[in-house]
>>> print(open('entry22.tsv').read())   # TSV, C-alpha atoms
chain	number	residue	atom	x	y	z
O	1	MET	CA	-72.18	-7.57	-2.41
O	2	ARG	CA	-70.68	-4.34	-3.77
O	3	ILE	CA	-69.18	-6.22	-6.72
O	4	PHE	CA	-72.54	-7.83	-7.48
O	5	LEU	CA	-74.37	-4.48	-7.39
O	6	PHE	CA	-71.67	-2.92	-9.58
O	7	PHE	CA	-72.05	-5.77	-12.09
O	8	ILE	CA	-75.83	-5.27	-12.18
O	9	MET	CA	-75.36	-1.51	-12.69
O	10	VAL	CA	-72.95	-2.12	-15.60
O	11	ARG	CA	-75.40	-4.49	-17.30
O	12	GLU	CA	-78.31	-2.06	-16.90
O	13	SER	CA	-76.19	0.76	-18.34
O	14	LEU	CA	-75.24	-1.34	-21.37
O	15	LYS	CA	-78.90	-2.18	-21.93
O	16	LYS	CA	-79.65	1.54	-22.08
O	17	VAL	CA	-77.22	1.95	-24.98
O	18	GLY	CA	-79.08	-0.72	-26.95
O	19	LEU	CA	-77.41	-4.02	-26.07
O	20	VAL	CA	-79.40	-7.16	-25.26
O	21	ASP	CA	-78.36	-9.71	-22.61
O	22	GLU	CA	-76.48	-12.01	-25.03
O	23	GLU	CA	-74.55	-9.06	-26.50
O	24	ILE	CA	-73.65	-7.86	-23.00
O	25	ASP	CA	-72.36	-11.33	-22.04
O	26	LEU	CA	-70.18	-11.42	-25.16
O	27	TYR	CA	-68.84	-7.90	-24.72
O	28	LEU	CA	-67.96	-8.37	-21.05
O	29	LEU	CA	-66.28	-11.69	-21.82
O	30	LEU	CA	-64.24	-10.10	-24.61
O	31	LEU	CA	-63.19	-7.30	-22.25
O	32	ARG	CA	-61.94	-9.95	-19.86
O	33	LEU	CA	-60.16	-11.99	-22.54
O	34	GLY	CA	-58.90	-9.09	-24.65
O	35	SER	CA	-59.57	-11.01	-27.87
O	36	SER	CA	-60.98	-14.41	-28.72
O	37	LYS	CA	-62.12	-16.86	-31.38
O	38	ALA	CA	-65.83	-17.61	-31.72
O	39	THR	CA	-65.26	-21.23	-30.63
O	40	THR	CA	-63.72	-20.07	-27.35
O	41	LEU	CA	-66.58	-17.64	-26.72
O	42	SER	CA	-69.06	-20.43	-27.45
O	43	LYS	CA	-67.45	-22.73	-24.87
O	44	GLU	CA	-67.11	-20.01	-22.23
O	45	LEU	CA	-70.76	-18.95	-22.53
O	46	GLY	CA	-72.16	-22.41	-23.19
O	47	ILE	CA	-74.10	-21.39	-26.30
O	48	ALA	CA	-73.99	-22.57	-29.93
O	49	ARG	CA	-71.27	-21.12	-32.15
O	50	THR	CA	-73.84	-20.03	-34.76
O	51	THR	CA	-75.61	-18.07	-32.02
O	52	VAL	CA	-72.30	-16.51	-30.97
O	53	TYR	CA	-71.66	-15.44	-34.57
O	54	ARG	CA	-75.15	-13.95	-34.75
O	55	PHE	CA	-74.65	-11.69	-31.75
O	56	LEU	CA	-71.04	-10.90	-32.70
O	57	GLY	CA	-72.41	-9.68	-36.04
O	58	SER	CA	-74.91	-7.53	-34.20
O	59	LEU	CA	-72.17	-6.07	-31.98
O	60	GLN	CA	-70.05	-5.36	-35.05
O	61	SER	CA	-72.93	-3.54	-36.72
O	62	LYS	CA	-73.20	-1.39	-33.58
O	63	GLY	CA	-69.45	-0.68	-33.57
O	64	ILE	CA	-68.92	-2.43	-30.22
O	65	VAL	CA	-66.80	-5.32	-31.54
O	66	SER	CA	-64.22	-5.56	-34.33
O	67	GLU	CA	-62.49	-8.51	-35.97
O	68	ASN	CA	-59.09	-9.42	-37.36
O	69	VAL	CA	-57.87	-12.49	-39.26
O	70	GLN	CA	-54.60	-14.07	-38.12
O	71	SER	CA	-53.27	-17.16	-39.94
O	72	ASN	CA	-56.73	-17.75	-41.46
O	73	VAL	CA	-58.32	-17.63	-37.99
O	74	LYS	CA	-60.81	-14.89	-37.14
O	75	PHE	CA	-60.35	-13.13	-33.78
O	76	PHE	CA	-62.83	-10.71	-32.22
O	77	TYR	CA	-61.91	-7.64	-30.16
O	78	PRO	CA	-64.02	-5.42	-27.87
O	79	VAL	CA	-64.07	-1.68	-28.41
O	80	GLU	CA	-62.56	0.29	-25.54
O	81	PRO	CA	-65.34	1.27	-23.10
O	82	LYS	CA	-64.36	4.95	-23.40
O	83	ARG	CA	-65.22	4.73	-27.13
O	84	ILE	CA	-68.88	3.86	-26.49
O	85	PRO	CA	-70.00	7.49	-25.88
O	86	GLU	CA	-68.30	8.49	-29.15
O	87	ILE	CA	-70.12	5.71	-31.02
O	88	LEU	CA	-73.47	6.84	-29.58
O	89	LYS	CA	-72.68	10.40	-30.65
O	90	GLU	CA	-71.92	9.21	-34.19
O	91	ARG	CA	-75.27	7.39	-34.27
O	92	ALA	CA	-77.08	10.51	-33.13
O	93	GLU	CA	-75.36	12.52	-35.88
O	94	GLU	CA	-76.49	9.93	-38.43
O	95	ILE	CA	-80.10	10.34	-37.25
O	96	VAL	CA	-79.78	14.11	-37.65
O	97	ARG	CA	-78.58	13.59	-41.24
O	98	ILE	CA	-81.64	11.53	-42.19
O	99	LEU	CA	-84.18	13.84	-40.52
O	100	PRO	CA	-85.13	15.46	-43.88
O	101	LYS	CA	-85.90	11.99	-45.25
O	102	LEU	CA	-88.02	11.19	-42.20
O	103	ASP	CA	-89.89	14.47	-42.64
O	104	SER	CA	-90.70	13.46	-46.22
O	105	PHE	CA	-92.91	10.66	-44.85
O	106	LYS	CA	-95.24	13.18	-43.24
O	107	GLY	CA	-98.67	13.04	-44.79
O	108	GLN	CA	-97.95	9.78	-46.60
O	109	SER	CA	-100.81	7.34	-46.36
O	110	PHE	CA	-100.11	3.92	-44.90
O	111	GLU	CA	-103.79	3.11	-44.35
O	112	ASN	CA	-103.70	0.41	-47.01
O	113	ALA	CA	-100.69	-1.36	-45.53
O	114	ASN	CA	-101.49	-4.92	-44.54
O	115	VAL	CA	-99.17	-6.08	-41.72
O	116	GLU	CA	-98.90	-9.69	-40.57
O	117	LEU	CA	-96.75	-11.35	-37.92
O	118	HIS	CA	-95.39	-14.86	-38.49
O	119	LYS	CA	-93.61	-16.88	-35.81
O	120	GLY	CA	-90.98	-19.61	-35.82
O	121	LYS	CA	-89.81	-21.96	-38.56
O	122	GLU	CA	-93.25	-22.18	-40.17
O	123	GLY	CA	-93.34	-18.39	-40.40
O	124	ILE	CA	-90.07	-18.36	-42.34
O	125	LYS	CA	-91.33	-21.08	-44.67
O	126	SER	CA	-94.63	-19.27	-45.30
O	127	ILE	CA	-92.80	-16.16	-46.57
O	128	LEU	CA	-90.52	-18.17	-48.85
O	129	LYS	CA	-93.54	-19.98	-50.28
O	130	ASP	CA	-95.26	-16.62	-50.81
O	131	ILE	CA	-92.30	-15.40	-52.88
O	132	ILE	CA	-92.86	-18.35	-55.22
O	133	ARG	CA	-96.61	-17.63	-55.37
O	134	GLU	CA	-96.08	-13.94	-56.14
O	135	ASN	CA	-93.58	-14.90	-58.88
O	136	LYS	CA	-91.96	-11.44	-58.74
O	137	ASP	CA	-88.27	-10.55	-58.77
O	138	TYR	CA	-86.92	-10.08	-55.26
O	139	ILE	CA	-84.14	-8.30	-53.37
O	140	PHE	CA	-82.63	-9.43	-50.09
O	141	ILE	CA	-80.25	-7.79	-47.65
O	142	GLY	CA	-78.92	-9.45	-44.52
O	143	SER	CA	-77.73	-12.88	-43.45
O	144	SER	CA	-79.72	-16.08	-43.62
O	145	GLU	CA	-77.68	-19.20	-44.25
O	146	ASP	CA	-76.63	-19.81	-40.62
O	147	TYR	CA	-80.16	-19.15	-39.44
O	148	PHE	CA	-81.60	-21.70	-41.87
O	149	LYS	CA	-79.21	-24.22	-40.31
O	150	ASP	CA	-80.31	-23.20	-36.81
O	151	PHE	CA	-83.95	-23.80	-37.76
O	152	ASP	CA	-83.21	-27.03	-39.66
O	153	LEU	CA	-84.25	-25.47	-42.97
O	154	ASP	CA	-81.27	-26.55	-45.09
O	155	ILE	CA	-83.24	-29.03	-47.21
O	156	PHE	CA	-86.23	-26.68	-47.50
O	157	SER	CA	-84.00	-23.78	-48.65
O	158	GLN	CA	-82.34	-25.94	-51.33
O	159	GLN	CA	-85.75	-27.07	-52.60
O	160	TRP	CA	-86.87	-23.44	-52.61
O	161	ILE	CA	-83.86	-22.41	-54.72
O	162	LYS	CA	-84.73	-25.10	-57.29
O	163	LYS	CA	-88.30	-23.74	-57.48
O	164	VAL	CA	-86.97	-20.21	-57.95
O	165	GLU	CA	-84.84	-21.47	-60.84
O	166	LYS	CA	-87.76	-23.37	-62.37
O	167	GLU	CA	-90.06	-20.32	-62.19
O	168	ASN	CA	-87.22	-18.09	-63.48
O	169	ILE	CA	-87.63	-15.61	-60.62
O	170	PHE	CA	-84.68	-13.20	-60.56
O	171	GLY	CA	-83.13	-12.26	-57.22
O	172	ARG	CA	-80.45	-9.85	-56.05
O	173	ILE	CA	-78.71	-10.47	-52.72
O	174	LEU	CA	-76.62	-8.17	-50.53
O	175	CYS	CA	-74.75	-9.95	-47.75
O	176	SER	CA	-71.37	-10.13	-46.00
O	177	GLU	CA	-68.48	-11.79	-47.80
O	178	ASP	CA	-67.87	-14.42	-45.11
O	179	GLN	CA	-71.29	-16.06	-45.54
O	180	LYS	CA	-71.51	-19.55	-47.01
O	181	LEU	CA	-74.36	-19.35	-49.47
O	182	LYS	CA	-76.16	-21.57	-51.95
O	183	VAL	CA	-76.60	-19.66	-55.18
O	184	ALA	CA	-79.48	-20.07	-57.62
O	185	LYS	CA	-78.69	-19.77	-61.33
O	186	ASN	CA	-80.88	-16.69	-61.59
O	187	GLU	CA	-79.61	-14.94	-58.43
O	188	GLU	CA	-76.97	-12.23	-58.38
O	189	TYR	CA	-74.85	-11.58	-55.28
O	190	ARG	CA	-72.82	-8.65	-54.06
O	191	PHE	CA	-71.02	-8.10	-50.77
O	192	LEU	CA	-71.23	-5.35	-48.15
O	193	PRO	CA	-68.93	-4.74	-45.15
O	194	ASN	CA	-69.97	-6.66	-42.02
O	195	GLU	CA	-70.96	-3.46	-40.21
O	196	LEU	CA	-73.76	-2.91	-42.76
O	197	ILE	CA	-75.21	-6.39	-42.24
O	198	SER	CA	-77.30	-7.05	-39.13
O	199	GLU	CA	-79.13	-10.05	-37.72
O	200	ILE	CA	-82.36	-8.51	-39.03
O	201	SER	CA	-82.78	-9.43	-42.70
O	202	THR	CA	-85.19	-7.92	-45.24
O	203	TRP	CA	-86.77	-9.53	-48.29
O	204	THR	CA	-88.64	-7.31	-50.76
O	205	TYR	CA	-90.76	-8.73	-53.59
O	206	GLY	CA	-93.61	-7.20	-55.54
O	207	ASN	CA	-95.39	-4.82	-53.15
O	208	LYS	CA	-94.37	-6.85	-50.10
O	209	VAL	CA	-91.58	-6.50	-47.54
O	210	ALA	CA	-90.69	-9.32	-45.13
O	211	ILE	CA	-88.51	-8.46	-42.12
O	212	PHE	CA	-86.84	-11.52	-40.59
O	213	ILE	CA	-85.95	-11.22	-36.89
O	214	PHE	CA	-83.84	-14.26	-36.02
O	215	SER	CA	-84.30	-14.18	-32.26
O	216	SER	CA	-85.55	-16.95	-30.01
O	217	PRO	CA	-88.33	-17.45	-30.97
O	218	SER	CA	-87.91	-16.03	-34.48
O	219	TYR	CA	-90.42	-13.67	-36.11
O	220	VAL	CA	-91.19	-12.44	-39.61
O	221	ILE	CA	-93.07	-9.17	-40.08
O	222	SER	CA	-94.79	-9.05	-43.48
O	223	ILE	CA	-95.86	-5.65	-44.87
O	224	ASN	CA	-97.97	-5.43	-48.03
O	225	ASN	CA	-97.63	-1.82	-49.19
O	226	LYS	CA	-96.22	-0.41	-52.45
O	227	LEU	CA	-94.79	2.74	-50.84
O	228	VAL	CA	-92.80	0.71	-48.31
O	229	ALA	CA	-91.59	-1.78	-50.95
O	230	ASP	CA	-90.52	0.97	-53.37
O	231	GLY	CA	-88.69	2.79	-50.58
O	232	ASN	CA	-86.78	-0.38	-49.76
O	233	ARG	CA	-85.78	-0.80	-53.39
O	234	LYS	CA	-84.38	2.73	-53.57
O	235	SER	CA	-82.14	2.12	-50.56
O	236	PHE	CA	-81.13	-1.30	-51.86
O	237	ASN	CA	-80.23	0.03	-55.32
O	238	TYR	CA	-78.00	2.67	-53.78
O	239	LEU	CA	-76.09	0.06	-51.77
O	240	TRP	CA	-75.98	-2.29	-54.76
O	241	LYS	CA	-73.94	0.23	-56.77
O	242	THR	CA	-71.23	0.39	-54.09
O	243	ALA	CA	-71.19	-3.33	-53.19
O	244	LYS	CA	-68.38	-5.71	-54.10
O	245	LYS	CA	-68.95	-8.30	-56.82
O	246	PRO	CA	-68.14	-11.95	-55.96
O	247	SER	CA	-65.40	-13.86	-57.72
O	248	LYS	CA	-66.13	-16.63	-60.23
O	249	LYS	CA	-64.51	-19.05	-57.79
O	250	PHE	CA	-67.04	-18.09	-55.10
O	251	LEU	CA	-69.96	-18.58	-57.47
O	252	GLU	CA	-68.68	-21.98	-58.61
O	253	LYS	CA	-68.38	-23.19	-55.02
O	254	SER	CA	-71.84	-21.89	-54.11
O	255	LYS	CA	-73.86	-23.61	-56.81
O	256	ILE	CA	-76.43	-26.21	-55.75
>>> encode(input="entry22.tsv", output="structure tokens")
Amino acid sequence: MRIFLFFIMVRESLKKVGLVDEEIDLYLLLLRLGSSKATTLSKELGIARTTVYRFLGSLQSKGIVSENVQSNVKFFYPVEPKRIPEILKERAEEIVRILPKLDSFKGQSFENANVELHKGKEGIKSILKDIIRENKDYIFIGSSEDYFKDFDLDIFSQQWIKKVEKENIFGRILCSEDQKLKVAKNEEYRFLPNELISEISTWTYGNKVAIFIFSSPSYVISINNKLVADGNRKSFNYLWKTAKKPSKKFLEKSKI
């Protein structure tokens, strides 16, 4: 009984530092194993490997899990529990650094912002169709390819890329280097470290911003507001300058 109560207390404490149930399961399992491949974690927890990768990516972005490649095999490691308070302190310091930027939003008018909530696979498709309708250049940061597979959108995404090429809509993409992507002729890719890529992806086009939350069920929050869209572009452009360019070999392999 004491062990059970202790286990419950640990889980509740980890929730308070921002972890969800799936992330807690992964972290506790990694603590027990020391290190592990995603396939092993998938079997131990009884969940799909793509889902495991999703939450591992989230844990990496939070600094709770790290990775290392050995003989072309990726292993994941848990951060030492005593490091968690230090990580939270670093996050708090980061918030303090951006306080002046947050203050700059005071008095800004968001009254004209039109916000819509889309749910599930059809919600994802509706946003992608809207990008074609708007016919404006777009920017994207995050991860999407695995999620399209999860939602059985592989064929739809390939058809969408062909429409983007036909309409000559230019796109810039920031993602992690280990993603397997299909590249349109008029898209440009650059890579960011895994810790800067989360499971929440953002698409900005025209005066619109679409925030993809690949949970179960999935949601897309669509915001139609020039101030928000322009703010996203400023942040994106800053990251774009520091991001790594892909090799020609990568681009050749990624063509439709």
>>> atom_distance(input="entry22.tsv", atom1="CA of Glu86 in chain O", atom2="CA of Lys74 in chain O")
25.8 Å
>>> closest_residue(input="entry22.tsv", among="O:Tyr77, O:Lys129, O:Lys16, O:Tyr205", to="Gly34 in chain O", atoms="only C-alpha atoms")
O:Tyr77
>>> closest_atom_pairs(input="entry22.tsv", of="range 28-131 of chain O", to="range 216-237 of chain O", cutoff="7 Å", atoms="all atoms listed in the file", output="CSV")
residue,atom,partner,partner_atom,distance
O:Asn112,CA,O:Asn225,CA,6.8
O:Ala113,CA,O:Asn225,CA,4.8
O:Asn114,CA,O:Asn224,CA,5.0
O:Val115,CA,O:Ile223,CA,4.6
O:Glu116,CA,O:Ser222,CA,5.1
O:Leu117,CA,O:Ile221,CA,4.8
O:His118,CA,O:Val220,CA,5.0
O:Lys119,CA,O:Tyr219,CA,4.5
O:Gly120,CA,O:Ser218,CA,4.9
O:Gly123,CA,O:Val220,CA,6.4
O:Ile124,CA,O:Val220,CA,6.6
>>> atom_distance(input="entry22.tsv", atom1="CA of Lys37 in chain O", atom2="CA of Thr50 in chain O")
12.6 Å
>>> atom_distance(input="entry22.tsv", atom1="CA of Leu239 in chain O", atom2="CA of Lys208 in chain O")
19.6 Å
>>> closest_residue(input="entry22.tsv", among="O:Phe191, O:Gly18, O:Ser36, O:Ala48", to="Asn68 in chain O", atoms="only C-alpha atoms")
O:Ser36
>>> residues_around(input="entry22.tsv", residues="Gly57 in chain O", least_positions_apart="5", cutoff="9 Å", atoms="all atoms listed in the file", output="list in words")
Val52, Lys62, Val65, Asn194, Glu195, Ile197, Ser198 and Glu199 of chain O
>>> closest_residue(input="entry22.tsv", among="O:Ser66, O:Val10, O:Ser157, O:Tyr189", to="Lys121 in chain O", atoms="only C-alpha atoms")
O:Ser157
>>> residues_around(input="entry22.tsv", residues="Leu59 in chain O", least_positions_apart="4", cutoff="10 Å", atoms="all atoms listed in the file", output="ChimeraX atom specification")
/O:19-20,23-24,26-27,53-55,63-66,78-79,195,198-199
>>> closest_residue(input="entry22.tsv", among="O:Trp240, O:Leu128, O:Asn135, O:Glu22", to="Ser58 in chain O", atoms="only C-alpha atoms")
O:Glu22
>>> closest_residue(input="entry22.tsv", among="O:Phe156, O:Glu177, O:Ser201, O:Lys15", to="Ser247 in chain O", atoms="all atoms listed in the file")
O:Glu177
>>> residues_around(input="entry22.tsv", residues="range 163-175 of chain O", least_positions_apart="3", cutoff="8 Å", atoms="all atoms listed in the file", output="PyMOL selection string")
chain O and resi 132+135-143+159-160+179+184-192+197+240+243
>>> decode(input="entry22.tsv", residues="range 114-146 of chain O", atoms="N, CA and C atoms", output="short mmCIF file (atom, residue, chain, number, x, y, z; two decimals), in the first residue's frame")
data_model
loop_
_atom_site.label_atom_id
_atom_site.label_comp_id
_atom_site.auth_asym_id
_atom_site.auth_seq_id
_atom_site.Cartn_x
_atom_site.Cartn_y
_atom_site.Cartn_z
N ASN O 114 -10.01 36.48 -35.39
CA ASN O 114 -11.02 35.45 -35.55
C ASN O 114 -10.40 34.10 -35.21
N VAL O 115 -10.89 33.43 -34.16
CA VAL O 115 -10.29 32.18 -33.69
C VAL O 115 -11.28 31.04 -33.92
N GLU O 116 -10.79 29.96 -34.55
CA GLU O 116 -11.63 28.79 -34.80
C GLU O 116 -10.92 27.55 -34.28
N LEU O 117 -11.71 26.57 -33.86
CA LEU O 117 -11.16 25.30 -33.38
C LEU O 117 -11.62 24.18 -34.30
N HIS O 118 -10.64 23.45 -34.85
CA HIS O 118 -10.93 22.31 -35.73
C HIS O 118 -10.48 21.03 -35.03
N LYS O 119 -11.20 19.95 -35.24
CA LYS O 119 -10.93 18.71 -34.53
C LYS O 119 -10.69 17.54 -35.49
N GLY O 120 -9.72 16.69 -35.14
CA GLY O 120 -9.50 15.45 -35.86
C GLY O 120 -8.90 15.60 -37.23
N LYS O 121 -8.94 14.51 -37.99
CA LYS O 121 -8.34 14.45 -39.33
C LYS O 121 -8.94 15.48 -40.26
N GLU O 122 -10.26 15.67 -40.19
CA GLU O 122 -10.91 16.63 -41.08
C GLU O 122 -10.47 18.06 -40.77
N GLY O 123 -10.15 18.30 -39.49
CA GLY O 123 -9.65 19.63 -39.11
C GLY O 123 -8.31 19.92 -39.74
N ILE O 124 -7.43 18.91 -39.75
CA ILE O 124 -6.12 19.06 -40.38
C ILE O 124 -6.28 19.33 -41.87
N LYS O 125 -7.15 18.56 -42.51
CA LYS O 125 -7.36 18.70 -43.95
C LYS O 125 -7.94 20.08 -44.29
N SER O 126 -8.82 20.58 -43.44
CA SER O 126 -9.46 21.88 -43.73
C SER O 126 -8.44 23.01 -43.75
N ILE O 127 -7.44 22.94 -42.86
CA ILE O 127 -6.40 23.97 -42.82
C ILE O 127 -5.52 23.88 -44.06
N LEU O 128 -5.13 22.67 -44.44
CA LEU O 128 -4.29 22.50 -45.62
C LEU O 128 -5.00 22.99 -46.88
N LYS O 129 -6.30 22.72 -46.96
CA LYS O 129 -7.08 23.21 -48.10
C LYS O 129 -7.16 24.74 -48.09
N ASP O 130 -7.23 25.32 -46.88
CA ASP O 130 -7.32 26.78 -46.77
C ASP O 130 -6.02 27.44 -47.24
N ILE O 131 -4.88 26.77 -47.01
CA ILE O 131 -3.60 27.31 -47.49
C ILE O 131 -3.61 27.42 -49.01
N ILE O 132 -4.18 26.42 -49.67
CA ILE O 132 -4.30 26.46 -51.13
C ILE O 132 -5.23 27.60 -51.55
N ARG O 133 -6.36 27.74 -50.85
CA ARG O 133 -7.33 28.80 -51.19
C ARG O 133 -6.72 30.19 -51.02
N GLU O 134 -6.00 30.39 -49.92
CA GLU O 134 -5.38 31.69 -49.66
C GLU O 134 -4.31 32.02 -50.70
N ASN O 135 -3.61 30.96 -51.18
CA ASN O 135 -2.58 31.12 -52.21
C ASN O 135 -1.51 32.13 -51.78
N LYS O 136 -1.09 32.04 -50.51
CA LYS O 136 -0.05 32.90 -49.97
C LYS O 136 1.14 32.04 -49.53
N ASP O 137 2.33 32.61 -49.63
CA ASP O 137 3.51 31.89 -49.14
C ASP O 137 3.33 31.54 -47.67
N TYR O 138 3.90 30.41 -47.26
CA TYR O 138 3.70 29.95 -45.89
C TYR O 138 5.03 29.60 -45.22
N ILE O 139 4.98 29.60 -43.89
CA ILE O 139 6.11 29.12 -43.08
C ILE O 139 5.57 28.08 -42.11
N PHE O 140 6.40 27.12 -41.79
CA PHE O 140 5.98 26.02 -40.91
C PHE O 140 7.13 25.66 -39.98
N ILE O 141 6.83 25.48 -38.71
CA ILE O 141 7.82 25.00 -37.76
C ILE O 141 7.20 23.89 -36.93
N GLY O 142 7.91 22.78 -36.82
CA GLY O 142 7.40 21.66 -36.04
C GLY O 142 7.66 20.34 -36.72
N SER O 143 6.86 19.35 -36.39
CA SER O 143 6.97 18.03 -37.02
C SER O 143 5.58 17.62 -37.47
N SER O 144 5.52 16.96 -38.62
CA SER O 144 4.20 16.63 -39.16
C SER O 144 4.14 15.27 -39.83
N GLU O 145 5.23 14.83 -40.42
CA GLU O 145 5.19 13.64 -41.27
C GLU O 145 4.65 12.42 -40.54
N ASP O 146 5.17 12.14 -39.33
CA ASP O 146 4.70 10.98 -38.57
C ASP O 146 3.23 11.11 -38.21
#
